[in-house]
$ cat final04.cif   # mmCIF, C-alpha atoms
data_work
#
loop_
_atom_site.group_PDB
_atom_site.id
_atom_site.type_symbol
_atom_site.label_atom_id
_atom_site.label_comp_id
_atom_site.auth_asym_id
_atom_site.auth_seq_id
_atom_site.Cartn_x
_atom_site.Cartn_y
_atom_site.Cartn_z
ATOM 1 C CA MET A 1 49.064 164.814 188.090
ATOM 2 C CA SER A 2 49.306 161.119 187.974
ATOM 3 C CA ARG A 3 50.716 159.221 185.105
ATOM 4 C CA PHE A 4 48.473 156.256 185.516
ATOM 5 C CA LYS A 5 44.823 156.780 184.877
ATOM 6 C CA LYS A 6 42.423 154.521 186.611
ATOM 7 C CA GLY A 7 39.410 153.177 184.852
ATOM 8 C CA GLU A 8 40.769 153.302 181.300
ATOM 9 C CA LYS A 9 41.331 149.868 179.811
ATOM 10 C CA LYS A 10 43.764 149.521 176.975
ATOM 11 C CA SER A 11 43.031 147.026 174.226
ATOM 12 C CA THR A 12 45.771 144.610 173.280
ATOM 13 C CA PRO A 13 46.902 144.776 169.671
ATOM 14 C CA THR A 14 46.219 141.729 167.483
ATOM 15 C CA GLY A 15 49.175 139.531 166.625
ATOM 16 C CA SER A 16 50.536 139.744 163.134
ATOM 17 C CA SER A 17 49.974 136.734 160.937
ATOM 18 C CA GLY A 18 53.055 137.401 158.823
ATOM 19 C CA SER A 19 55.282 135.052 160.805
ATOM 20 C CA ILE A 20 52.878 132.101 160.577
ATOM 21 C CA SER A 21 53.928 131.372 157.011
ATOM 22 C CA ASP A 22 57.590 131.385 158.105
ATOM 23 C CA ILE A 23 56.851 128.859 160.826
ATOM 24 C CA VAL A 24 54.898 126.614 158.455
ATOM 25 C CA PHE A 25 57.729 126.625 155.922
ATOM 26 C CA MET A 26 60.303 125.887 158.625
ATOM 27 C CA LEU A 27 58.278 122.860 159.764
ATOM 28 C CA LEU A 28 57.805 121.712 156.201
ATOM 29 C CA PHE A 29 61.537 121.991 155.519
ATOM 30 C CA PHE A 30 62.336 120.127 158.753
ATOM 31 C CA PHE A 31 60.112 117.169 157.860
ATOM 32 C CA MET A 32 61.420 117.069 154.294
ATOM 33 C CA VAL A 33 65.001 116.835 155.547
ATOM 34 C CA THR A 34 64.450 114.306 158.338
ATOM 35 C CA THR A 35 62.088 111.890 156.562
ATOM 36 C CA GLN A 36 63.690 108.774 155.158
ATOM 37 C CA MET A 37 62.246 107.432 151.969
ATOM 38 C CA ARG A 38 62.156 103.723 151.189
ATOM 39 C CA ASP A 39 65.543 102.584 149.888
ATOM 40 C CA THR A 40 64.503 99.670 147.733
ATOM 41 C CA GLU A 41 61.523 98.836 145.593
ATOM 42 C CA ASN A 42 59.890 95.473 146.242
ATOM 43 C CA LYS A 43 60.117 93.499 143.011
ATOM 44 C CA VAL A 44 58.979 90.225 144.549
ATOM 45 C CA MET A 45 55.707 89.419 146.255
ATOM 46 C CA VAL A 46 56.242 88.253 149.825
ATOM 47 C CA THR A 47 53.495 86.887 152.032
ATOM 48 C CA MET A 48 55.303 86.445 155.300
ATOM 49 C CA PRO A 49 54.753 83.258 157.292
ATOM 50 C CA GLN A 50 53.267 83.409 160.776
ATOM 51 C CA ALA A 51 55.324 82.630 163.860
ATOM 52 C CA SER A 52 54.561 82.342 167.565
ATOM 53 C CA GLU A 53 57.900 83.740 168.788
ATOM 54 C CA VAL A 54 58.502 87.071 167.057
ATOM 55 C CA VAL A 55 61.258 89.498 168.093
ATOM 56 C CA LYS A 56 61.567 93.009 166.732
ATOM 57 C CA LEU A 57 64.922 94.162 165.371
ATOM 58 C CA GLU A 58 66.668 96.640 167.643
ATOM 59 C CA ARG A 59 68.602 98.486 164.944
ATOM 60 C CA LYS A 60 67.311 98.216 161.405
ATOM 61 C CA ASP A 61 70.280 100.131 160.040
ATOM 62 C CA LEU A 62 72.507 97.133 160.814
ATOM 63 C CA SER A 63 70.406 94.705 158.778
ATOM 64 C CA SER A 64 70.681 93.648 155.165
ATOM 65 C CA TYR A 65 67.577 92.298 153.485
ATOM 66 C CA ILE A 66 67.319 89.379 151.087
ATOM 67 C CA ASN A 67 63.829 89.125 149.571
ATOM 68 C CA VAL A 68 62.738 85.810 148.075
ATOM 69 C CA GLY A 69 59.462 85.266 146.250
ATOM 70 C CA THR A 70 57.684 85.323 142.924
ATOM 71 C CA PRO A 71 58.221 88.467 140.851
ATOM 72 C CA THR A 72 55.454 91.069 140.829
ATOM 73 C CA ARG A 73 53.134 91.237 137.823
ATOM 74 C CA THR A 74 55.216 93.913 136.105
ATOM 75 C CA TYR A 75 58.285 91.652 136.145
ATOM 76 C CA GLN A 76 56.627 88.270 135.485
ATOM 77 C CA ALA A 77 56.798 88.691 131.719
ATOM 78 C CA GLN A 78 60.555 89.152 131.918
ATOM 79 C CA TYR A 79 61.496 86.801 134.785
ATOM 80 C CA GLY A 80 58.661 84.255 134.900
ATOM 81 C CA THR A 81 56.726 83.052 137.913
ATOM 82 C CA ASP A 82 59.440 80.991 139.620
ATOM 83 C CA SER A 83 60.844 82.226 142.929
ATOM 84 C CA ARG A 84 63.584 84.835 142.583
ATOM 85 C CA ILE A 85 66.110 86.443 144.915
ATOM 86 C CA GLN A 86 66.064 90.230 145.204
ATOM 87 C CA LEU A 87 69.110 92.015 146.597
ATOM 88 C CA ASN A 88 68.610 95.777 146.883
ATOM 89 C CA ASP A 89 66.835 96.811 143.662
ATOM 90 C CA SER A 90 67.716 93.958 141.326
ATOM 91 C CA PHE A 91 67.211 90.250 140.828
ATOM 92 C CA LYS A 92 70.331 88.222 141.574
ATOM 93 C CA THR A 93 71.445 84.629 141.903
ATOM 94 C CA VAL A 94 72.773 82.784 144.930
ATOM 95 C CA SER A 95 76.369 83.363 143.791
ATOM 96 C CA ASP A 96 75.837 87.158 143.958
ATOM 97 C CA ILE A 97 75.090 87.058 147.688
ATOM 98 C CA ARG A 98 78.794 87.088 148.598
ATOM 99 C CA ASP A 99 79.360 90.396 146.786
ATOM 100 C CA PHE A 100 76.177 91.821 148.304
ATOM 101 C CA ILE A 101 77.262 90.985 151.863
ATOM 102 C CA ALA A 102 80.757 92.372 151.227
ATOM 103 C CA ALA A 103 79.295 95.646 149.934
ATOM 104 C CA GLU A 104 76.941 95.916 152.906
ATOM 105 C CA ARG A 105 79.813 95.338 155.345
ATOM 106 C CA ASP A 106 81.957 97.966 153.640
ATOM 107 C CA ALA A 107 79.142 100.510 153.979
ATOM 108 C CA MET A 108 79.069 100.017 157.776
ATOM 109 C CA SER A 109 81.458 101.440 160.311
ATOM 110 C CA GLU A 110 84.175 99.196 161.692
ATOM 111 C CA ALA A 111 82.490 98.946 165.108
ATOM 112 C CA ASP A 112 79.074 97.981 163.697
ATOM 113 C CA ARG A 113 80.224 95.210 161.363
ATOM 114 C CA GLN A 114 80.114 92.581 164.088
ATOM 115 C CA PHE A 115 76.428 93.366 164.723
ATOM 116 C CA MET A 116 75.338 93.011 161.091
ATOM 117 C CA THR A 117 72.203 90.894 160.692
ATOM 118 C CA THR A 118 71.009 89.346 157.446
ATOM 119 C CA VAL A 119 67.219 89.292 157.264
ATOM 120 C CA ILE A 120 65.618 86.792 154.902
ATOM 121 C CA LYS A 121 62.153 87.939 153.861
ATOM 122 C CA ALA A 122 60.814 84.869 152.102
ATOM 123 C CA ASP A 123 57.338 84.138 150.833
ATOM 124 C CA GLU A 124 55.619 81.369 152.770
ATOM 125 C CA ASN A 125 55.357 79.271 149.578
ATOM 126 C CA VAL A 126 59.045 79.442 148.576
ATOM 127 C CA ARG A 127 60.760 76.078 148.342
ATOM 128 C CA MET A 128 63.150 75.289 151.148
ATOM 129 C CA GLY A 129 65.925 74.425 148.680
ATOM 130 C CA ILE A 130 66.345 78.098 147.749
ATOM 131 C CA ILE A 131 66.497 79.095 151.425
ATOM 132 C CA THR A 132 69.077 76.373 152.087
ATOM 133 C CA ASP A 133 71.220 77.584 149.174
ATOM 134 C CA ILE A 134 71.055 81.144 150.526
ATOM 135 C CA LYS A 135 72.035 79.979 154.012
ATOM 136 C CA GLN A 136 74.994 77.981 152.626
ATOM 137 C CA GLU A 137 76.236 81.034 150.727
ATOM 138 C CA LEU A 138 75.859 83.207 153.833
ATOM 139 C CA ARG A 139 77.967 80.680 155.754
ATOM 140 C CA ARG A 140 80.691 80.861 153.094
ATOM 141 C CA CYS A 141 80.956 84.635 153.463
ATOM 142 C CA SER A 142 80.787 84.476 157.301
ATOM 143 C CA ALA A 143 77.411 86.183 157.661
ATOM 144 C CA LEU A 144 76.282 83.935 160.477
ATOM 145 C CA LYS A 145 73.695 86.175 162.140
ATOM 146 C CA ILE A 146 70.494 85.391 160.218
ATOM 147 C CA MET A 147 66.926 86.378 161.005
ATOM 148 C CA TYR A 148 63.760 85.297 159.221
ATOM 149 C CA ALA A 149 61.030 87.889 158.779
ATOM 150 C CA ALA A 150 57.599 86.762 159.956
ATOM 151 C CA THR A 151 54.347 88.123 161.297
ATOM 152 C CA ARG A 152 52.954 87.395 164.735
ATOM 153 C CA LYS A 153 50.499 84.509 164.772
ATOM 154 C CA SER A 154 47.002 85.774 165.477
ATOM 155 C CA GLU A 155 45.323 83.876 168.279
#
$ encode --input "final04.cif" --output "structure tokens"
Amino acid sequence: MSRFKKGEKKSTPTGSSGSISDIVFMLLFFFMVTTQMRDTENKVMVTMPQASEVVKLERKDLSSYINVGTPTRTYQAQYGTDSRIQLNDSFKTVSDIRDFIAAERDAMSEADRQFMTTVIKADENVRMGIITDIKQELRRCSALKIMYAATRKSE
């Protein structure tokens, strides 16, 4: 007697679908944990100027953003339509930049502090006097690595 019978084909059992829900929930949990949400809310409207020489930041985690522009419609009743400076989630003045830069430096590791970049995201219609005041204050607190945000000029 032989143990193996020729000619009989066995059917393969169907896979169970019970583990599919586990896999879906694991993927969902993974993406929920690894996704970074936006840190700050834009309270000023910024239409970035166009530039011919645009360089992308290598490490965005080493940059601190200063937004300059007119407040959005929800804040215009309270702050008016003049250009304002936004640091993190609040409107500040030029004199508050020193504390902002100090707080941003303290949040970084000791090795990364020398690579800190201050990015000025200014509306294309902002007066140059405000930008000059911001640059002077950044000089006073030794934040000398400054980058202006812009979009690539379409040709």
$ residues_around --input "final04.cif" --residues "A:Glu124" --least-positions-apart "5" --cutoff "9 Å" --atoms "only C-alpha atoms" --output "list in words"
Val46, Thr47, Met48, Pro49, Gln50 and Gly69 of chain A
$ resolve_selection --input "final04.cif" --expression "the PyMOL selection byres ((chain A and resi 55) around 12)" --output "mmCIF file with C-alpha atoms, in the frame of the given file"
data_model
loop_
_atom_site.group_PDB
_atom_site.id
_atom_site.type_symbol
_atom_site.label_atom_id
_atom_site.label_comp_id
_atom_site.auth_asym_id
_atom_site.auth_seq_id
_atom_site.Cartn_x
_atom_site.Cartn_y
_atom_site.Cartn_z
ATOM 1 C CA ALA A 51 55.324 82.630 163.860
ATOM 2 C CA SER A 52 54.561 82.342 167.565
ATOM 3 C CA GLU A 53 57.900 83.740 168.788
ATOM 4 C CA VAL A 54 58.502 87.071 167.057
ATOM 5 C CA LYS A 56 61.567 93.009 166.732
ATOM 6 C CA LEU A 57 64.922 94.162 165.371
ATOM 7 C CA GLU A 58 66.668 96.640 167.643
ATOM 8 C CA MET A 147 66.926 86.378 161.005
ATOM 9 C CA TYR A 148 63.760 85.297 159.221
ATOM 10 C CA ALA A 149 61.030 87.889 158.779
ATOM 11 C CA ALA A 150 57.599 86.762 159.956
ATOM 12 C CA THR A 151 54.347 88.123 161.297
ATOM 13 C CA ARG A 152 52.954 87.395 164.735
#
$ resolve_selection --input "final04.cif" --expression "the PyMOL selection byres ((chain A and resi 113) around 12)" --output "list in words"
Asp61, Leu62, Ser63, Ser64, Ile101, Ala102, Ala103, Glu104, Arg105, Asp106, Ala107, Met108, Ser109, Glu110, Ala111, Asp112, Gln114, Phe115, Met116, Thr117, Thr118, Ser142, Ala143, Leu144 and Lys145 of chain A
$ write_last_selection --input "final04.cif" --atoms "C-alpha atoms" --output "mmCIF file, in the coordinates of the input"
data_model
loop_
_atom_site.group_PDB
_atom_site.id
_atom_site.type_symbol
_atom_site.label_atom_id
_atom_site.label_comp_id
_atom_site.auth_asym_id
_atom_site.auth_seq_id
_atom_site.Cartn_x
_atom_site.Cartn_y
_atom_site.Cartn_z
ATOM 1 C CA ASP A 61 70.280 100.131 160.040
ATOM 2 C CA LEU A 62 72.507 97.133 160.814
ATOM 3 C CA SER A 63 70.406 94.705 158.778
ATOM 4 C CA SER A 64 70.681 93.648 155.165
ATOM 5 C CA ILE A 101 77.262 90.985 151.863
ATOM 6 C CA ALA A 102 80.757 92.372 151.227
ATOM 7 C CA ALA A 103 79.295 95.646 149.934
ATOM 8 C CA GLU A 104 76.941 95.916 152.906
ATOM 9 C CA ARG A 105 79.813 95.338 155.345
ATOM 10 C CA ASP A 106 81.957 97.966 153.640
ATOM 11 C CA ALA A 107 79.142 100.510 153.979
ATOM 12 C CA MET A 108 79.069 100.017 157.776
ATOM 13 C CA SER A 109 81.458 101.440 160.311
ATOM 14 C CA GLU A 110 84.175 99.196 161.692
ATOM 15 C CA ALA A 111 82.490 98.946 165.108
ATOM 16 C CA ASP A 112 79.074 97.981 163.697
ATOM 17 C CA GLN A 114 80.114 92.581 164.088
ATOM 18 C CA PHE A 115 76.428 93.366 164.723
ATOM 19 C CA MET A 116 75.338 93.011 161.091
ATOM 20 C CA THR A 117 72.203 90.894 160.692
ATOM 21 C CA THR A 118 71.009 89.346 157.446
ATOM 22 C CA SER A 142 80.787 84.476 157.301
ATOM 23 C CA ALA A 143 77.411 86.183 157.661
ATOM 24 C CA LEU A 144 76.282 83.935 160.477
ATOM 25 C CA LYS A 145 73.695 86.175 162.140
#
$ atom_distance --input "final04.cif" --atom1 "atom CA of A:Ser83" --atom2 "atom CA of A:Val126"
6.5 Å
$ atom_distance --input "final04.cif" --atom1 "atom CA of A:Thr81" --atom2 "atom CA of A:Phe100"
23.7 Å
$ atom_distance --input "final04.cif" --atom1 "atom CA of A:Val94" --atom2 "atom CA of A:Ile131"
9.8 Å
$ axis_aligned_box --input "final04.cif" --around "stretch 36-51 of chain A" --padding-each-side "8 Å" --output "lines of an AutoDock Vina configuration file"
center_x = 59.4
center_y = 95.7
center_z = 153.4
size_x = 28.3
size_y = 42.1
size_z = 36.8
$ closest_residue --input "final04.cif" --among "A:Ser19, A:Thr40, A:Gln78, A:Asn125" --to "A:Tyr65" --atoms "all atoms listed in the file"
A:Thr40
$ build_atoms --input "final04.cif" --residues "stretch 95-106 of chain A" --atoms "N, CA and C atoms" --output "compact mmCIF listing (two decimals), keeping the file's coordinate frame"
# COMPACT_ATOMS: atom_id res chain seq x y z
N SER A 95 74.94 83.04 143.82
CA SER A 95 76.37 83.36 143.79
C SER A 95 76.65 84.85 143.97
N ASP A 96 75.65 85.72 143.78
CA ASP A 96 75.84 87.16 143.96
C ASP A 96 75.71 87.60 145.41
N ILE A 97 75.30 86.70 146.28
CA ILE A 97 75.09 87.06 147.69
C ILE A 97 76.41 87.45 148.35
N ARG A 98 77.49 86.79 147.99
CA ARG A 98 78.79 87.09 148.60
C ARG A 98 79.20 88.54 148.34
N ASP A 99 79.04 89.01 147.11
CA ASP A 99 79.36 90.40 146.79
C ASP A 99 78.42 91.36 147.49
N PHE A 100 77.16 90.99 147.61
CA PHE A 100 76.18 91.82 148.30
C PHE A 100 76.55 92.01 149.77
N ILE A 101 76.90 90.92 150.44
CA ILE A 101 77.26 90.98 151.86
C ILE A 101 78.55 91.79 152.04
N ALA A 102 79.51 91.60 151.13
CA ALA A 102 80.76 92.37 151.23
C ALA A 102 80.50 93.87 151.06
N ALA A 103 79.63 94.24 150.14
CA ALA A 103 79.30 95.65 149.93
C ALA A 103 78.56 96.22 151.14
N GLU A 104 77.68 95.44 151.73
CA GLU A 104 76.94 95.92 152.91
C GLU A 104 77.88 96.10 154.09
N ARG A 105 78.84 95.20 154.25
CA ARG A 105 79.81 95.34 155.34
C ARG A 105 80.69 96.56 155.15
N ASP A 106 81.10 96.80 153.91
CA ASP A 106 81.96 97.97 153.64
C ASP A 106 81.23 99.27 153.90
